[in-house]
Amino acid sequence: MSTSRTTGIMASYLSRVLPVALLLSGDLVSAQSLKIDSDDSIISTSKTLAHNVMTYYHGNESGQTPGILPGPPPAGDYYWWEGGALWGTMIDYWHYTGDTTYNDVITQAMLWQVGPNKDYMPPNVTASLGNDDQGFWGMSAMLAAEVNFPDPPSDQPQWLALAQAVFNTQADPGRHDNTCNGGLRWQIPFSNNGYDYKNSIANGCFFNLGARLARYLNNQTYADWAEKTWDWVQSVGFMDGDYRIYDGAHVETNCTDINRAQFSYNNAVYLLGAAYMYNYTDGDSKWESRVNGLLDATLRDFFKNDVAYEIACEEHMTCTTDMLSFKGYLHRWMTTMTQIAPFTSQKVLPVLQKSAQAAVNQCTGPPDGTTCGFEWSSGTFDNSVGAGQTMNVLGAVSSLLVGNAKPPVTNATGGTSAGDPNAGSGSDSFTNTPAPITSGDRAGAGILTAIVLASAAGTFAWMSLGA
């Protein structure tokens with residue numbers, strides 16, 4: 001998924017010179033031009049951030065490929081999955097602000113990458129295609145259905161059907177085996193590095209989609225898959241009794257060599273899915289308990305003095321390009337959680353407000369004093385810039401408008417997107433070309449994946465492939 005592969009690519013930092021002096025306090029500095037002290041200012045700041053993030057996208061330009069950010073490495077910094085994540089961010093931006101400026105670009109991008117079987121498995125990304133990568137595109141399509149983003153033309157794939165296609169391909173028996181007593185592998189094709197790895201994010205995207213489809217369609221089959229996936233993640237030890245979610249493990253060890261790196265988007269994807277299950281089950285106490293437990297763990301582990309913080313890499317800034325985008329998903333999905341599991345609002349919204357303020361406080365970089373960095377808790381612009389860093393702040397800021405936004409719809413409460421229960425039935429299973437797993441493959445695997453502890457100090461060496 002995304003997250004994953006990072007063949008030693010340490011987050012690329014496009015250094016720029018900071019033109020203004022910044023105060024070290026958490027307050028807005030005199031040069032701060034981005035404000036979030038009213039709905040109007042939040043909308044204005046969101047528009048600025050949306051413009052800034054879209055400067056990284058060139059897919060709508062002549063000769064470029066719609067849907068993707070520049071990449072994958074070495075052609076550019078970004079793997080395929082992050083394009084799907086960008087469009088989810090931009091759909092939420094439209095939903096919260098009502099700004100339609102980018103809607104045509106979003107629609108073109110989302111439809112261009114569906115692939116010949118309309119399942120978000122385009123052949124040109126097969127060499128690094130993970131269940132998590134496909135899952136991110138599927139979750140963005142699901143979001144489009146839930147917020148009634150304008151439906152594509154009738155002769156094009158529809159948002160709900162695309163989400164169903166992703167889910168159906170991942171529920172196919174060919175994606176599930178008996179190693180580690182179940183669960184999705186990270187990679188989809190046999191031949192890919194990382195096929196021998198099962199991880200939290202691949203299964204988290206599947207869980208998340210299942211929970212959301214269950215609610216949208218009032219369909220127990222999706223809910224059963226979601227429940228089964230949650231139970232497996234706990235049973236294999238990827239989620240411990242204190243709701244810490246770990247990266248994953250290799251099938252050769254029966255998933256006993258658990259990589260205990262923790263990433264905020266893992267918590268966020270499960271937290272949102274659990275909230276949907278709470279909603280679908282009409283407030284079942286089991287899911288309420290799970291939401292509460294995971295929420296407390298998320299606030300404990302990923303908010304430093306109530307400011308979003310990526311514990312695996314931020315202290316020493318060893319974050320990969322993938323990791324530099326996780327805070328945005330954390331903010332966006334926790335915000336949506338407060339709509340479908342309202343009992344969380346009082347605990348969550350004040351934290352997200354404070355974290356968003358810290359985020360904009362450091363968006364003072366050149367050329368115009370609105371460029372965002374990554375280290376929100378520092379109070380100063382850190383020269384770490386990119387699509388992910390800007391998406392983070394856009395997601396945090398635009399979601400502050402949640403109080404005026406309609407909750408996610410279902411097909412019974414105004415949803416217009418057309419579904420197809422058989423979507424994805426003609427998809428490539430990738431089961432006809434098995435390749436032996438080598439030690440080299442194991443070294444390359446890891447969604448953040450093969451993360452190894454490089455020293456007692458906790459410096460990570462990130463080895464992986466691409467997403």
# chains A, B, ... in the order shown; residues from 1 in each chain; ligands from 1
call {"tool": "residues_around", "arguments": {"residues": "Met323 in chain A", "least_positions_apart": "2", "cutoff": "8 Å", "atoms": "only C-alpha atoms", "output": "list in words"}}
result
Thr3, Phe263, Glu310, Cys319, Thr320, Thr321, Ser325 and Phe326 of chain A
call {"tool": "residues_around", "arguments": {"residues": "Trp287 in chain A", "least_positions_apart": "2", "cutoff": "7 Å", "atoms": "only C-alpha atoms", "output": "PyMOL selection string"}}
result
chain A and resi 274+277-278+284-285+289-291
call {"tool": "write_last_selection", "arguments": {"atoms": "N, CA, C and O atoms", "output": "PDB file, in the first residue's frame"}}
result
ATOM      1  N   ALA A 274     -13.765   0.294  12.411  1.00  0.00           N
ATOM      2  CA  ALA A 274     -14.458  -0.110  13.639  1.00  0.00           C
ATOM      3  C   ALA A 274     -15.646   0.804  13.912  1.00  0.00           C
ATOM      4  O   ALA A 274     -16.707   0.354  14.372  1.00  0.00           O
ATOM      5  N   MET A 277     -18.428  -0.288  11.771  1.00  0.00           N
ATOM      6  CA  MET A 277     -19.052  -1.499  12.308  1.00  0.00           C
ATOM      7  C   MET A 277     -19.940  -1.163  13.500  1.00  0.00           C
ATOM      8  O   MET A 277     -21.022  -1.747  13.668  1.00  0.00           O
ATOM      9  N   TYR A 278     -19.508  -0.225  14.339  1.00  0.00           N
ATOM     10  CA  TYR A 278     -20.338   0.240  15.445  1.00  0.00           C
ATOM     11  C   TYR A 278     -21.652   0.803  14.908  1.00  0.00           C
ATOM     12  O   TYR A 278     -22.737   0.509  15.430  1.00  0.00           O
ATOM     13  N   ASP A 284     -23.480  -1.747  18.786  1.00  0.00           N
ATOM     14  CA  ASP A 284     -23.106  -2.958  19.520  1.00  0.00           C
ATOM     15  C   ASP A 284     -21.983  -2.635  20.511  1.00  0.00           C
ATOM     16  O   ASP A 284     -20.993  -1.982  20.162  1.00  0.00           O
ATOM     17  N   SER A 285     -22.134  -3.117  21.729  1.00  0.00           N
ATOM     18  CA  SER A 285     -21.169  -2.792  22.785  1.00  0.00           C
ATOM     19  C   SER A 285     -19.770  -3.316  22.467  1.00  0.00           C
ATOM     20  O   SER A 285     -18.769  -2.734  22.901  1.00  0.00           O
ATOM     21  N   SER A 289     -16.608  -0.838  22.429  1.00  0.00           N
ATOM     22  CA  SER A 289     -15.413  -1.093  23.225  1.00  0.00           C
ATOM     23  C   SER A 289     -14.159  -1.066  22.354  1.00  0.00           C
ATOM     24  O   SER A 289     -13.121  -0.516  22.744  1.00  0.00           O
ATOM     25  N   ARG A 290     -14.259  -1.646  21.170  1.00  0.00           N
ATOM     26  CA  ARG A 290     -13.110  -1.666  20.263  1.00  0.00           C
ATOM     27  C   ARG A 290     -12.765  -0.266  19.791  1.00  0.00           C
ATOM     28  O   ARG A 290     -11.583   0.106  19.712  1.00  0.00           O
ATOM     29  N   VAL A 291     -13.778   0.516  19.453  1.00  0.00           N
ATOM     30  CA  VAL A 291     -13.531   1.900  19.048  1.00  0.00           C
ATOM     31  C   VAL A 291     -12.860   2.667  20.182  1.00  0.00           C
ATOM     32  O   VAL A 291     -11.849   3.362  19.977  1.00  0.00           O
TER      33      VAL A 291
END
call {"tool": "residues_around", "arguments": {"residues": "Asp104 in chain A", "least_positions_apart": "4", "cutoff": "12 Å", "atoms": "only C-alpha atoms", "output": "PyMOL selection string"}}
result
chain A and resi 60+66-67+87+90-91+94+99-100+108-111+149-153
call {"tool": "residues_around", "arguments": {"residues": "Val269 in chain A", "least_positions_apart": "4", "cutoff": "12 Å", "atoms": "only C-alpha atoms", "output": "ChimeraX atom specification"}}
result
/A:132,135-136,139,200-212,230,245,263-265,273-276,291,294-295,298,326-334,336-337
call {"tool": "select_by_dssp", "arguments": {"residues": "range 202-372 of chain A", "states": "strand (DSSP E)", "output": "count of residues only"}}
result
7
call {"tool": "closest_residue", "arguments": {"among": "A:Pro367, A:Pro157, A:Gly283, A:Gly403", "to": "Gln339 in chain A", "atoms": "only C-alpha atoms"}}
result
A:Gly403
call {"tool": "residues_around", "arguments": {"residues": "Trp232 in chain A", "least_positions_apart": "6", "cutoff": "10 Å", "atoms": "only C-alpha atoms", "output": "PyMOL selection string"}}
result
chain A and resi 180-183+203+226+238-239
call {"tool": "write_last_selection", "arguments": {"atoms": "C-alpha atoms", "output": "JSON list (two decimals), in the first residue's frame"}}
result
[["chain", "number", "residue", "atom", "x", "y", "z"],
["A", 180, "CYS", "CA", -0.50, -17.68, 9.35],
["A", 181, "ASN", "CA", -4.03, -19.12, 9.58],
["A", 182, "GLY", "CA", -5.38, -16.66, 7.04],
["A", 183, "GLY", "CA", -5.14, -13.00, 6.14],
["A", 203, "ASN", "CA", -5.79, -6.31, 5.86],
["A", 226, "ALA", "CA", -14.85, -7.30, 8.35],
["A", 238, "PHE", "CA", -0.58, -7.63, 14.65],
["A", 239, "MET", "CA", -2.86, -5.82, 17.12]]
call {"tool": "closest_atom_pairs", "arguments": {"of": "range 326-414 of chain A", "to": "range 215-218 of chain A", "cutoff": "8 Å", "atoms": "only C-alpha atoms", "output": "Markdown table"}}
result
| residue | atom | partner | partner_atom | distance |
| --- | --- | --- | --- | --- |
| A:Val409 | CA | A:Tyr216 | CA | 7.1 |
| A:Thr410 | CA | A:Tyr216 | CA | 4.1 |
| A:Asn411 | CA | A:Tyr216 | CA | 5.8 |
| A:Ala412 | CA | A:Tyr216 | CA | 7.8 |
call {"tool": "closest_residue", "arguments": {"among": "A:Gly194, A:Gly88, A:Gly115, A:Gly130", "to": "Gln170 in chain A", "atoms": "only C-alpha atoms"}}
result
A:Gly130
call {"tool": "closest_residue", "arguments": {"among": "A:Gln353, A:Thr169, A:Asn131, A:Thr45", "to": "Asn117 in chain A", "atoms": "only C-alpha atoms"}}
result
A:Thr169
call {"tool": "closest_residue", "arguments": {"among": "A:Thr370, A:Lys286, A:Gly414, A:Trp376", "to": "Asp306 in chain A", "atoms": "only C-alpha atoms"}}
result
A:Trp376
call {"tool": "select_by_dssp", "arguments": {"residues": "range 301-450 of chain A", "states": "helix (DSSP H, G or I)", "output": "ChimeraX atom specification"}}
result
/A:301-302,323-340,342-361,376-378,387-404,439-444
